[in-house]
>>> print(open('query.cif').read())   # mmCIF, C-alpha atoms
data_my_file
loop_
_atom_site.group_PDB
_atom_site.id
_atom_site.type_symbol
_atom_site.label_atom_id
_atom_site.label_comp_id
_atom_site.auth_asym_id
_atom_site.auth_seq_id
_atom_site.Cartn_x
_atom_site.Cartn_y
_atom_site.Cartn_z
ATOM 1 C CA MET F 1 31.902 -112.387 154.187
ATOM 2 C CA THR F 2 30.916 -113.025 157.780
ATOM 3 C CA GLN F 3 30.564 -110.438 160.510
ATOM 4 C CA ALA F 4 33.845 -111.670 162.016
ATOM 5 C CA ASP F 5 35.617 -111.197 158.662
ATOM 6 C CA PHE F 6 34.246 -107.667 158.380
ATOM 7 C CA LEU F 7 35.471 -106.838 161.889
ATOM 8 C CA LYS F 8 38.943 -108.252 161.101
ATOM 9 C CA VAL F 9 39.224 -105.998 158.054
ATOM 10 C CA LEU F 10 37.992 -102.987 160.028
ATOM 11 C CA VAL F 11 40.433 -103.615 162.900
ATOM 12 C CA ALA F 12 43.317 -104.179 160.458
ATOM 13 C CA GLN F 13 42.469 -100.951 158.671
ATOM 14 C CA TYR F 14 42.552 -98.907 161.879
ATOM 15 C CA SER F 15 45.538 -100.800 163.349
ATOM 16 C CA ASN F 16 47.651 -99.922 160.336
ATOM 17 C CA GLN F 17 46.740 -96.263 160.436
ATOM 18 C CA ILE F 18 49.633 -93.862 160.916
ATOM 19 C CA PRO F 19 49.246 -92.275 164.392
ATOM 20 C CA THR F 20 50.347 -88.808 163.254
ATOM 21 C CA ASP F 21 47.638 -88.666 160.571
ATOM 22 C CA SER F 22 44.431 -87.039 161.633
ATOM 23 C CA GLN F 23 41.703 -89.609 162.041
ATOM 24 C CA ASP F 24 38.677 -89.216 159.837
ATOM 25 C CA TYR F 25 35.826 -89.728 162.301
ATOM 26 C CA ASN F 26 33.247 -89.547 159.537
ATOM 27 C CA GLN F 27 34.864 -92.549 157.866
ATOM 28 C CA PHE F 28 35.000 -94.382 161.194
ATOM 29 C CA TYR F 29 31.280 -93.820 161.812
ATOM 30 C CA THR F 30 30.508 -94.796 158.222
ATOM 31 C CA ASP F 31 32.381 -98.068 158.768
ATOM 32 C CA LEU F 32 30.439 -98.706 161.979
ATOM 33 C CA MET F 33 27.145 -98.030 160.195
ATOM 34 C CA ASN F 34 28.173 -100.416 157.415
ATOM 35 C CA LEU F 35 28.792 -103.081 160.056
ATOM 36 C CA SER F 36 25.401 -102.385 161.598
ATOM 37 C CA ASN F 37 23.686 -102.602 158.197
ATOM 38 C CA TYR F 38 25.546 -105.806 157.347
ATOM 39 C CA THR F 39 24.437 -107.385 160.613
ATOM 40 C CA ALA F 40 20.814 -106.363 160.053
ATOM 41 C CA ILE F 41 20.811 -107.780 156.512
ATOM 42 C CA GLN F 42 22.400 -111.018 157.714
ATOM 43 C CA ASP F 43 19.796 -111.369 160.495
ATOM 44 C CA THR F 44 16.965 -110.770 158.028
ATOM 45 C CA SER F 45 18.404 -113.326 155.629
ATOM 46 C CA ILE F 46 18.558 -115.946 158.388
ATOM 47 C CA LYS F 47 14.943 -115.246 159.398
ATOM 48 C CA VAL F 48 13.692 -115.482 155.804
ATOM 49 C CA GLY F 49 15.628 -118.731 155.319
ATOM 50 C CA GLY F 50 14.023 -120.097 158.464
ATOM 51 C CA LEU F 51 10.557 -119.247 157.251
ATOM 52 C CA SER F 52 11.278 -120.873 153.897
ATOM 53 C CA ALA F 53 12.715 -124.020 155.474
ATOM 54 C CA GLN F 54 9.871 -124.378 157.960
ATOM 55 C CA GLN F 55 7.253 -123.896 155.235
ATOM 56 C CA LEU F 56 8.712 -126.886 153.370
ATOM 57 C CA ILE F 57 8.026 -129.337 156.218
ATOM 58 C CA GLY F 58 5.549 -131.934 154.970
ATOM 59 C CA LYS F 59 5.977 -130.942 151.308
ATOM 60 C CA THR F 60 7.461 -133.129 148.597
ATOM 61 C CA VAL F 61 10.680 -131.707 147.161
ATOM 62 C CA SER F 62 13.368 -132.671 144.692
ATOM 63 C CA VAL F 63 16.967 -131.961 145.658
ATOM 64 C CA THR F 64 20.359 -132.198 143.984
ATOM 65 C CA ASP F 65 23.420 -132.151 146.231
ATOM 66 C CA SER F 66 26.789 -130.588 145.425
ATOM 67 C CA SER F 67 27.997 -133.918 143.968
ATOM 68 C CA GLY F 68 25.110 -134.002 141.481
ATOM 69 C CA ASN F 69 23.164 -136.742 143.281
ATOM 70 C CA SER F 70 19.398 -136.265 143.069
ATOM 71 C CA ASP F 71 16.729 -137.326 145.513
ATOM 72 C CA SER F 72 13.110 -136.530 146.213
ATOM 73 C CA GLY F 73 10.789 -137.048 149.109
ATOM 74 C CA THR F 74 8.891 -135.397 151.899
ATOM 75 C CA VAL F 75 10.646 -132.812 154.051
ATOM 76 C CA ASP F 76 10.699 -134.207 157.582
ATOM 77 C CA ALA F 77 12.474 -131.378 159.423
ATOM 78 C CA ALA F 78 14.095 -127.972 159.150
ATOM 79 C CA THR F 79 17.315 -127.364 161.091
ATOM 80 C CA PHE F 80 19.383 -124.257 161.862
ATOM 81 C CA ASP F 81 23.080 -124.868 162.652
ATOM 82 C CA GLY F 82 23.873 -121.331 163.781
ATOM 83 C CA THR F 83 24.704 -119.983 160.335
ATOM 84 C CA SER F 84 22.345 -121.570 157.805
ATOM 85 C CA TRP F 85 19.154 -123.584 157.442
ATOM 86 C CA SER F 86 18.871 -127.109 156.088
ATOM 87 C CA ILE F 87 16.048 -129.565 155.514
ATOM 88 C CA THR F 88 15.878 -133.318 156.028
ATOM 89 C CA VAL F 89 14.620 -135.529 153.187
ATOM 90 C CA ASN F 90 14.840 -139.334 153.420
ATOM 91 C CA ASP F 91 17.117 -139.051 156.478
ATOM 92 C CA ALA F 92 19.618 -136.882 154.563
ATOM 93 C CA SER F 93 20.325 -133.191 155.150
ATOM 94 C CA TYR F 94 20.220 -130.653 152.303
ATOM 95 C CA THR F 95 20.683 -126.895 152.134
ATOM 96 C CA LEU F 96 17.868 -124.739 150.807
ATOM 97 C CA GLY F 97 20.044 -124.017 147.770
ATOM 98 C CA GLU F 98 19.983 -127.708 146.866
ATOM 99 C CA VAL F 99 16.182 -127.760 146.521
ATOM 100 C CA THR F 100 15.391 -127.912 142.801
ATOM 101 C CA SER F 101 11.602 -128.126 142.956
ATOM 102 C CA VAL F 102 8.679 -128.257 145.306
ATOM 103 C CA ALA F 103 5.674 -130.333 144.283
ATOM 104 C CA ALA F 104 2.453 -128.423 144.004
ATOM 105 C CA THR F 105 0.076 -129.302 146.756
ATOM 106 C CA SER F 106 -3.409 -130.184 145.728
ATOM 107 C CA THR F 107 -6.302 -128.936 147.725
ATOM 108 C CA THR F 108 -9.433 -130.960 147.782
ATOM 109 C CA SER F 109 -12.620 -129.582 149.061
ATOM 110 C CA THR F 110 -15.498 -131.664 150.111
ATOM 111 C CA SER F 111 -18.974 -130.369 150.095
ATOM 112 C CA SER F 112 -22.092 -132.074 151.030
ATOM 113 C CA SER F 113 -25.503 -131.078 149.945
ATOM 114 C CA THR F 114 -28.794 -132.214 151.198
ATOM 115 C CA SER F 115 -31.990 -131.877 149.303
ATOM 116 C CA SER F 116 -35.422 -132.157 150.691
ATOM 117 C CA GLU F 117 -38.289 -133.147 148.475
#
>>> encode(input="query.cif", output="structure tokens")
Amino acid sequence: MTQADFLKVLVAQYSNQIPTDSQDYNQFYTDLMNLSNYTAIQDTSIKVGGLSAQQLIGKTVSVTDSSGNSDSGTVDAATFDGTSWSITVNDASYTLGEVTSVAATSTTSTSSSTSSE
């Protein structure tokens, strides 16, 4: 449910209220707080998705799209379309939910030692 959907339900609920009934202000404020909480959770979810998508840039991933087609390759970009994040692999766009695995990155350390005799 989007924020717009939530507002439509809230407006419909209060539009259909019988004018002679006393209005329950506690319920009204509870509904407003629920909207505020929903918005905060949605914003947090978008930020976390952005961090996840951006952290995948340069990593090798496997993806399976909604049609069952699989692909793998290096993530070239992370994009936000206003509602959700996607990544680009082999010039194709995939949602984060379509990522099936991320290849482990190997770290190599080089050390040099000198000895004097």
>>> atom_distance(input="query.cif", atom1="CA of Leu32 in chain F", atom2="CA of Leu10 in chain F")
8.9 Å
>>> resolve_selection(input="query.cif", expression="the PyMOL selection byres ((chain F and resi 56) around 12)", output="PyMOL selection string")
chain F and resi 49-55+57-62+73-79+85-89+96+99+101-105
>>> resolve_selection(input="query.cif", expression="the PyMOL selection byres ((chain F and resi 70) around 12)", output="PyMOL selection string")
chain F and resi 61-69+71-73+89-90+92+94+98-101
>>> resolve_selection(input="query.cif", expression="the PyMOL selection byres ((chain F and resi 6) around 12)", output="VMD selection string")
chain F and resid 1 to 5 7 to 13 31 to 32 34 to 39
>>> atom_distance(input="query.cif", atom1="CA of Phe80 in chain F", atom2="CA of Met33 in chain F")
27.4 Å
>>> axis_aligned_box(input="query.cif", around="range 77-90 of chain F", padding_each_side="8 Å", output="JSON")
{"center_x": 18.6, "center_y": -129.7, "center_z": 158.5, "size_x": 28.2, "size_y": 35.4, "size_z": 26.6}
